[in-house]
$ cat structure_16.csv   # CSV, C-alpha atoms
chain,number,residue,atom,x,y,z
A,280,ASP,CA,199.3,107.9,21.1
A,281,SER,CA,196.2,106.1,22.6
A,282,GLY,CA,194.9,109.1,24.5
A,283,VAL,CA,195.2,107.3,27.8
A,284,THR,CA,197.6,109.0,30.2
A,285,GLN,CA,199.3,107.2,33.1
A,286,THR,CA,201.5,108.7,35.7
A,287,PRO,CA,204.2,108.2,36.9
A,288,LYS,CA,206.0,106.3,34.2
A,289,HIS,CA,208.4,104.8,36.7
A,290,LEU,CA,208.1,104.3,40.5
A,291,ILE,CA,210.7,102.8,42.8
A,292,THR,CA,209.8,102.1,46.4
A,293,ALA,CA,210.5,99.8,49.3
A,294,THR,CA,208.7,96.8,50.7
A,295,GLY,CA,205.9,97.8,53.1
A,296,GLN,CA,205.2,101.1,51.4
A,297,ARG,CA,202.1,102.5,49.7
A,298,VAL,CA,201.9,104.0,46.2
A,299,THR,CA,199.2,105.5,44.0
A,300,LEU,CA,199.1,105.1,40.3
A,301,ARG,CA,197.0,107.6,38.2
A,302,CYS,CA,195.2,107.2,35.0
A,303,SER,CA,193.3,109.7,32.8
A,304,PRO,CA,191.1,108.0,30.2
A,305,ARG,CA,190.5,109.1,26.6
A,306,SER,CA,188.2,112.0,26.3
A,307,GLY,CA,184.6,110.6,26.2
A,308,ASP,CA,185.5,107.2,27.6
A,309,LEU,CA,183.5,106.2,30.7
A,310,SER,CA,185.2,102.9,31.6
A,311,VAL,CA,188.6,102.4,33.1
A,312,TYR,CA,190.4,99.1,33.5
A,313,TRP,CA,193.5,98.2,35.5
A,314,TYR,CA,195.9,95.5,34.5
A,315,GLN,CA,199.1,94.1,36.0
A,316,GLN,CA,201.7,92.7,33.6
A,317,SER,CA,204.6,90.6,35.0
A,318,LEU,CA,207.1,88.6,33.0
A,319,ASP,CA,205.9,85.2,34.2
A,320,GLN,CA,202.1,85.8,34.2
A,321,GLY,CA,201.3,88.1,31.3
A,322,LEU,CA,198.5,90.7,31.6
A,323,GLN,CA,196.2,90.1,34.6
A,324,PHE,CA,192.9,91.9,34.8
A,325,LEU,CA,192.5,93.7,38.1
A,326,ILE,CA,189.4,95.8,38.2
A,327,GLN,CA,187.0,97.9,36.0
A,328,TYR,CA,185.2,101.1,36.8
A,329,TYR,CA,182.4,102.5,34.8
A,330,ASN,CA,181.3,106.1,35.3
A,331,GLY,CA,182.5,106.2,38.9
A,332,GLU,CA,181.2,102.8,40.0
A,333,GLU,CA,183.0,99.5,40.2
A,334,ARG,CA,181.8,97.2,37.4
A,335,ALA,CA,184.0,94.1,37.5
A,336,LYS,CA,186.8,92.6,39.6
A,337,GLY,CA,189.5,90.3,38.5
A,338,ASN,CA,192.5,89.0,40.3
A,339,ILE,CA,193.0,92.0,42.5
A,340,LEU,CA,194.6,91.6,45.9
A,341,GLU,CA,193.0,92.9,49.1
A,342,ARG,CA,196.1,95.2,49.5
A,343,PHE,CA,195.1,96.9,46.3
A,344,SER,CA,192.2,99.2,45.8
A,345,ALA,CA,191.0,101.6,43.1
A,346,GLN,CA,188.5,104.4,42.5
A,347,GLN,CA,187.2,106.5,39.7
A,348,PHE,CA,186.5,110.1,40.4
A,349,PRO,CA,183.8,112.4,39.0
A,350,ASP,CA,186.1,113.7,36.3
A,351,LEU,CA,186.6,110.0,35.3
A,352,HIS,CA,190.3,109.8,36.1
A,353,SER,CA,191.2,106.7,38.2
A,354,GLU,CA,193.7,105.9,40.8
A,355,LEU,CA,195.1,102.5,41.8
A,356,ASN,CA,196.4,102.3,45.3
A,357,LEU,CA,198.9,99.6,46.2
A,358,SER,CA,199.7,99.1,49.9
A,359,SER,CA,202.0,96.9,52.1
A,360,LEU,CA,204.0,96.4,48.9
A,361,GLU,CA,205.9,93.2,48.5
A,362,LEU,CA,208.8,92.3,46.1
A,363,GLY,CA,206.3,90.3,44.0
A,364,ASP,CA,204.3,93.4,43.3
A,365,SER,CA,207.0,94.7,41.0
A,366,ALA,CA,205.4,94.8,37.5
A,367,LEU,CA,204.1,97.0,34.8
A,368,TYR,CA,200.6,98.4,35.6
A,369,PHE,CA,198.4,99.3,32.7
A,370,CYS,CA,195.3,101.3,32.6
A,371,ALA,CA,192.9,101.0,29.7
A,372,SER,CA,189.7,102.9,28.8
A,373,SER,CA,186.7,102.3,26.6
A,374,VAL,CA,183.6,104.2,25.7
A,375,GLY,CA,181.1,101.9,27.3
A,376,GLY,CA,180.9,99.5,30.2
A,377,SER,CA,180.5,96.3,28.3
A,378,LEU,CA,183.0,95.0,25.8
A,379,GLY,CA,181.9,92.9,22.9
A,380,LEU,CA,180.4,95.8,21.1
A,381,ALA,CA,182.3,97.1,18.1
A,382,LYS,CA,182.7,100.6,19.6
A,383,ASN,CA,183.9,99.4,23.0
A,384,ILE,CA,187.5,98.8,22.2
A,385,GLN,CA,190.0,99.1,25.1
A,386,TYR,CA,192.7,101.7,24.6
A,387,PHE,CA,195.8,101.2,26.8
A,388,GLY,CA,198.1,103.7,28.3
A,389,ALA,CA,201.9,103.4,28.3
A,390,GLY,CA,201.9,101.9,31.8
A,391,THR,CA,203.6,102.6,35.1
A,392,ARG,CA,206.6,100.4,35.9
A,393,LEU,CA,206.7,99.7,39.6
A,394,SER,CA,209.9,98.4,41.2
A,395,VAL,CA,209.7,97.3,44.8
A,396,LEU,CA,213.1,96.9,46.5
B,153,GLU,CA,189.4,77.0,34.8
B,154,ASP,CA,189.3,79.7,32.2
B,155,GLN,CA,192.6,80.3,30.4
B,156,VAL,CA,194.3,81.4,27.2
B,157,THR,CA,197.4,79.8,25.7
B,158,GLN,CA,199.4,81.3,22.9
B,159,SER,CA,201.9,79.5,20.7
B,160,PRO,CA,204.7,79.7,19.8
B,161,GLU,CA,206.2,81.8,22.6
B,162,ALA,CA,208.6,83.3,20.0
B,163,LEU,CA,208.8,83.3,16.3
B,164,ARG,CA,211.5,84.5,13.9
B,165,LEU,CA,210.6,85.0,10.3
B,166,GLN,CA,212.4,86.3,7.3
B,167,GLU,CA,210.8,89.3,5.6
B,168,GLY,CA,208.1,88.0,3.3
B,169,GLU,CA,207.8,84.6,5.0
B,170,SER,CA,204.2,84.1,6.0
B,171,SER,CA,203.1,82.3,9.1
B,172,SER,CA,200.4,82.0,11.8
B,173,LEU,CA,200.2,82.6,15.5
B,174,ASN,CA,197.8,80.5,17.6
B,175,CYS,CA,195.6,81.3,20.5
B,176,SER,CA,193.7,78.5,22.2
B,177,TYR,CA,191.2,79.2,24.9
B,178,THR,CA,188.9,77.6,27.4
B,179,VAL,CA,186.3,80.0,28.7
B,180,SER,CA,182.8,79.6,30.0
B,181,GLY,CA,180.9,81.1,27.2
B,182,LEU,CA,183.1,83.3,24.9
B,183,ARG,CA,181.7,86.7,24.5
B,184,GLY,CA,184.6,88.1,22.5
B,185,LEU,CA,188.2,87.4,21.5
B,186,PHE,CA,190.7,90.2,21.1
B,187,TRP,CA,194.0,90.5,19.4
B,188,TYR,CA,196.5,93.2,20.5
B,189,ARG,CA,200.0,94.2,19.4
B,190,GLN,CA,202.5,95.4,22.0
B,191,ASP,CA,205.7,97.1,21.3
B,192,PRO,CA,208.5,97.2,23.9
B,193,GLY,CA,207.8,99.8,26.6
B,194,LYS,CA,204.3,100.5,25.3
B,195,GLY,CA,200.8,99.5,26.1
B,196,PRO,CA,198.9,97.0,24.0
B,197,GLU,CA,197.4,98.3,20.8
B,198,PHE,CA,194.0,97.0,19.6
B,199,LEU,CA,194.0,95.0,16.4
B,200,PHE,CA,190.8,92.9,16.1
B,201,THR,CA,187.7,91.7,17.9
B,202,LEU,CA,186.1,88.4,16.9
B,203,TYR,CA,182.7,87.3,18.3
B,204,SER,CA,181.7,84.0,16.8
B,205,ALA,CA,183.2,80.9,15.2
B,206,GLY,CA,183.8,81.3,11.5
B,207,GLU,CA,184.4,85.1,11.8
B,208,GLU,CA,187.4,86.6,10.0
B,209,LYS,CA,188.9,90.1,10.2
B,210,GLU,CA,191.7,91.6,8.1
B,211,LYS,CA,193.9,94.6,8.5
B,212,GLU,CA,196.8,95.1,6.1
B,213,ARG,CA,199.1,92.0,6.3
B,214,LEU,CA,197.1,90.6,9.3
B,215,LYS,CA,194.1,88.3,9.3
B,216,ALA,CA,192.4,86.9,12.3
B,217,THR,CA,190.2,83.9,12.4
B,218,LEU,CA,188.1,82.2,15.1
B,219,THR,CA,186.9,78.7,15.7
B,220,LYS,CA,185.2,77.3,18.8
B,221,LYS,CA,188.4,76.5,20.6
B,222,GLU,CA,191.1,78.7,19.0
B,223,SER,CA,192.0,81.7,17.0
B,224,PHE,CA,194.8,82.3,14.5
B,225,LEU,CA,196.5,85.4,13.5
B,226,HIS,CA,197.9,85.0,10.0
B,227,ILE,CA,200.7,87.3,8.9
B,228,THR,CA,201.2,87.5,5.2
B,229,ALA,CA,204.5,88.7,3.7
B,230,PRO,CA,205.6,90.3,7.0
B,231,LYS,CA,207.9,93.3,7.2
B,232,PRO,CA,210.4,94.2,9.9
B,233,GLU,CA,207.9,96.8,11.3
B,234,ASP,CA,205.6,93.9,12.2
B,235,SER,CA,208.0,92.8,14.8
B,236,ALA,CA,206.2,93.0,18.2
B,237,THR,CA,204.5,90.9,20.8
B,238,TYR,CA,201.0,89.8,19.8
B,239,LEU,CA,198.6,89.3,22.6
B,240,CYS,CA,195.3,87.4,22.6
B,241,ALA,CA,192.6,88.0,25.1
B,242,VAL,CA,189.1,86.5,25.8
B,243,GLN,CA,186.1,87.9,27.5
B,244,ASP,CA,183.8,85.5,29.3
B,245,HIS,CA,180.0,85.2,29.1
B,246,THR,CA,179.5,87.6,31.9
B,247,GLY,CA,181.3,90.3,30.0
B,248,ASN,CA,183.1,91.2,33.1
B,249,GLN,CA,186.2,89.0,33.1
B,250,PHE,CA,189.1,89.3,30.7
B,251,TYR,CA,191.9,86.7,30.3
B,252,PHE,CA,195.1,87.5,28.4
B,253,GLY,CA,197.6,85.0,27.0
B,254,THR,CA,201.3,85.5,27.6
B,255,GLY,CA,201.8,86.5,23.9
B,256,THR,CA,203.9,85.5,20.9
B,257,SER,CA,207.1,87.6,20.4
B,258,LEU,CA,207.5,88.0,16.6
B,259,THR,CA,210.8,89.1,15.0
B,260,VAL,CA,210.9,89.8,11.3
B,261,ILE,CA,214.4,89.8,9.9
B,262,PRO,CA,215.1,92.0,6.8

$ encode --input "structure_16.csv" --output "structure tokens"
Amino acid sequence: DSGVTQTPKHLITATGQRVTLRCSPRSGDLSVYWYQQSLDQGLQFLIQYYNGEERAKGNILERFSAQQFPDLHSELNLSSLELGDSALYFCASSVGGSLGLAKNIQYFGAGTRLSVL
Amino acid sequence: EDQVTQSPEALRLQEGESSSLNCSYTVSGLRGLFWYRQDPGKGPEFLFTLYSAGEEKEKERLKATLTKKESFLHITAPKPEDSATYLCAVQDHTGNQFYFGTGTSLTVIP
């Protein structure tokens, strides 16, 4: 168990709908990262938050948004869903805001599987 | 364009048969290279971080090495429990962008 909790585990919805994915980081971790994993593209970095503020953006669509709350949990909001948004969405957390330091290892949750029908 | 390529896509080994997985990368100023293990239905699990060419890290039957253009994950005398997908990721010079390869699916047959 990595200590990172993601809910829900599975989500089935229809095109055009909006969903919210939730992530609770490990105790003491200040950074949260969101990733999308699809069969054909592998893990794609979406966005990082550090202590409530956006730190870095990757390939995140404008239809997607995220935030990190004062208690450090994070939510990823996906709107106007399309069939191609079906994927596994992972959250990861680390102690600090900058990887590359030995202590700033990313710990991943078990993911949320989103199916858009 | 920054990218990470892993090979082979899939690898089947007999128990005890050593081999290597490859991760080649092109990134503007490598800040760190990461190896992860991912089991079906689970999130990636951290294995190693490498920062500079020539660096090596070991953990049980796994050894990771890094050159200026690629990294190898050597698996010595693998066991069935080593079966998983192994992912490689790089962090660029800004420290803000992370690129993952599509992974190598390893199956170790008893």

$ interface_residues --input "structure_16.csv" --of "chain B" --to "chain A" --cutoff "12 Å" --atoms "all atoms listed in the file" --output "number ranges by chain"
B: 155-158, 161, 182-204, 237-256

$ atom_distance --input "structure_16.csv" --atom1 "CA of Asn356 in chain A" --atom2 "CA of Leu300 in chain A"
6.3 Å

$ closest_residue --input "structure_16.csv" --among "A:Thr292, A:Ser365, A:Ser310, A:Ser358" --to "Phe343 in chain A" --atoms "only C-alpha atoms"
A:Ser358

$ residues_around --input "structure_16.csv" --residues "Thr294 in chain A" --least-positions-apart "6" --cutoff "10 Å" --atoms "all atoms listed in the file" --output "list of chain:residue names"
A:Ser358, A:Ser359, A:Leu360, A:Glu361, A:Leu362, A:Gly363, A:Asp364, A:Ser394, A:Val395, A:Leu396

$ residues_around --input "structure_16.csv" --residues "Ser223 in chain B" --least-positions-apart "5" --cutoff "6 Å" --atoms "all atoms listed in the file" --output "PyMOL selection string"
chain B and resi 174-175+217-218

$ closest_residue --input "structure_16.csv" --among "A:Leu340, A:Leu351, A:Ser372, A:Thr286" --to "Gln315 in chain A" --atoms "all atoms listed in the file"
A:Leu340

$ atom_distance --input "structure_16.csv" --atom1 "CA of Gly181 in chain B" --atom2 "CA of Leu258 in chain B"
29.5 Å

$ residues_around --input "structure_16.csv" --residues "Gln346 in chain A" --least-positions-apart "6" --cutoff "8 Å" --atoms "only C-alpha atoms" --output "MDAnalysis selection string"
chainID A and resid 328 331:333 353:355

$ atom_distance --input "structure_16.csv" --atom1 "CA of Ser373 in chain A" --atom2 "CA of Leu309 in chain A"
6.5 Å

$ build_atoms --input "structure_16.csv" --residues "range 182-214 of chain B" --atoms "N, CA and C atoms" --output "mmCIF file, keeping the file's coordinate frame"
data_model
loop_
_atom_site.group_PDB
_atom_site.id
_atom_site.type_symbol
_atom_site.label_atom_id
_atom_site.label_comp_id
_atom_site.auth_asym_id
_atom_site.auth_seq_id
_atom_site.Cartn_x
_atom_site.Cartn_y
_atom_site.Cartn_z
ATOM 1 N N LEU B 182 182.246 82.162 25.471
ATOM 2 C CA LEU B 182 183.100 83.300 24.900
ATOM 3 C C LEU B 182 182.150 84.389 24.467
ATOM 4 N N ARG B 183 182.485 85.582 24.926
ATOM 5 C CA ARG B 183 181.700 86.700 24.500
ATOM 6 C C ARG B 183 182.483 87.507 23.411
ATOM 7 N N GLY B 184 183.803 87.423 23.477
ATOM 8 C CA GLY B 184 184.600 88.100 22.500
ATOM 9 C C GLY B 184 186.058 87.679 22.608
ATOM 10 N N LEU B 185 186.776 87.656 21.485
ATOM 11 C CA LEU B 185 188.200 87.400 21.500
ATOM 12 C C LEU B 185 188.903 88.536 20.848
ATOM 13 N N PHE B 186 189.989 88.993 21.481
ATOM 14 C CA PHE B 186 190.700 90.200 21.100
ATOM 15 C C PHE B 186 192.121 89.914 20.735
ATOM 16 N N TRP B 187 192.614 90.553 19.695
ATOM 17 C CA TRP B 187 194.000 90.500 19.400
ATOM 18 C C TRP B 187 194.610 91.926 19.574
ATOM 19 N N TYR B 188 195.793 91.962 20.228
ATOM 20 C CA TYR B 188 196.500 93.200 20.500
ATOM 21 C C TYR B 188 197.941 93.053 20.007
ATOM 22 N N ARG B 189 198.541 94.169 19.672
ATOM 23 C CA ARG B 189 200.000 94.200 19.400
ATOM 24 C C ARG B 189 200.618 95.062 20.479
ATOM 25 N N GLN B 190 201.762 94.598 21.002
ATOM 26 C CA GLN B 190 202.500 95.400 22.000
ATOM 27 C C GLN B 190 203.925 95.529 21.644
ATOM 28 N N ASP B 191 204.342 96.782 21.531
ATOM 29 C CA ASP B 191 205.700 97.100 21.300
ATOM 30 C C ASP B 191 206.450 97.298 22.600
ATOM 31 N N PRO B 192 207.772 97.087 22.620
ATOM 32 C CA PRO B 192 208.500 97.200 23.900
ATOM 33 C C PRO B 192 208.305 98.582 24.527
ATOM 34 N N GLY B 193 208.004 98.571 25.830
ATOM 35 C CA GLY B 193 207.800 99.800 26.600
ATOM 36 C C GLY B 193 206.537 100.535 26.324
ATOM 37 N N LYS B 194 205.615 99.894 25.613
ATOM 38 C CA LYS B 194 204.300 100.500 25.300
ATOM 39 C C LYS B 194 203.169 99.656 25.740
ATOM 40 N N GLY B 195 201.997 100.261 25.786
ATOM 41 C CA GLY B 195 200.800 99.500 26.100
ATOM 42 C C GLY B 195 200.298 98.755 24.888
ATOM 43 N N PRO B 196 199.479 97.723 25.104
ATOM 44 C CA PRO B 196 198.900 97.000 24.000
ATOM 45 C C PRO B 196 198.066 97.884 23.074
ATOM 46 N N GLU B 197 198.130 97.592 21.789
ATOM 47 C CA GLU B 197 197.400 98.300 20.800
ATOM 48 C C GLU B 197 196.374 97.406 20.151
ATOM 49 N N PHE B 198 195.113 97.820 20.144
ATOM 50 C CA PHE B 198 194.000 97.000 19.600
ATOM 51 C C PHE B 198 194.196 96.684 18.151
ATOM 52 N N LEU B 199 193.956 95.408 17.796
ATOM 53 C CA LEU B 199 194.000 95.000 16.400
ATOM 54 C C LEU B 199 192.588 94.559 15.928
ATOM 55 N N PHE B 200 192.051 93.503 16.573
ATOM 56 C CA PHE B 200 190.800 92.900 16.100
ATOM 57 C C PHE B 200 189.945 92.449 17.309
ATOM 58 N N THR B 201 188.619 92.389 17.050
ATOM 59 C CA THR B 201 187.700 91.700 17.900
ATOM 60 C C THR B 201 186.936 90.656 17.086
ATOM 61 N N LEU B 202 186.839 89.426 17.594
ATOM 62 C CA LEU B 202 186.100 88.400 16.900
ATOM 63 C C LEU B 202 185.015 87.875 17.919
ATOM 64 N N TYR B 203 183.801 87.617 17.424
ATOM 65 C CA TYR B 203 182.700 87.300 18.300
ATOM 66 C C TYR B 203 182.202 85.851 18.187
ATOM 67 N N SER B 204 182.286 85.282 16.983
ATOM 68 C CA SER B 204 181.700 84.000 16.800
ATOM 69 C C SER B 204 182.551 83.128 15.859
ATOM 70 N N ALA B 205 182.443 81.801 16.023
ATOM 71 C CA ALA B 205 183.200 80.900 15.200
ATOM 72 C C ALA B 205 182.908 81.103 13.729
ATOM 73 N N GLY B 206 183.972 81.103 12.929
ATOM 74 C CA GLY B 206 183.800 81.300 11.500
ATOM 75 C C GLY B 206 184.103 82.770 11.089
ATOM 76 N N GLU B 207 184.150 83.638 12.070
ATOM 77 C CA GLU B 207 184.400 85.100 11.800
ATOM 78 C C GLU B 207 185.830 85.306 11.397
ATOM 79 N N GLU B 208 186.054 86.240 10.471
ATOM 80 C CA GLU B 208 187.400 86.600 10.000
ATOM 81 C C GLU B 208 187.460 88.140 9.962
ATOM 82 N N LYS B 209 188.632 88.680 10.313
ATOM 83 C CA LYS B 209 188.900 90.100 10.200
ATOM 84 C C LYS B 209 190.242 90.321 9.590
ATOM 85 N N GLU B 210 190.386 91.352 8.752
ATOM 86 C CA GLU B 210 191.700 91.600 8.100
ATOM 87 C C GLU B 210 192.068 93.074 8.275
ATOM 88 N N LYS B 211 193.384 93.259 8.389
ATOM 89 C CA LYS B 211 193.900 94.600 8.500
ATOM 90 C C LYS B 211 195.344 94.552 7.897
ATOM 91 N N GLU B 212 195.540 95.138 6.757
ATOM 92 C CA GLU B 212 196.800 95.100 6.100
ATOM 93 C C GLU B 212 197.357 93.705 5.926
ATOM 94 N N ARG B 213 198.480 93.379 6.522
ATOM 95 C CA ARG B 213 199.100 92.000 6.300
ATOM 96 C C ARG B 213 198.560 91.034 7.374
ATOM 97 N N LEU B 214 197.643 91.449 8.219
ATOM 98 C CA LEU B 214 197.100 90.600 9.300
ATOM 99 C C LEU B 214 195.716 90.129 9.029
#
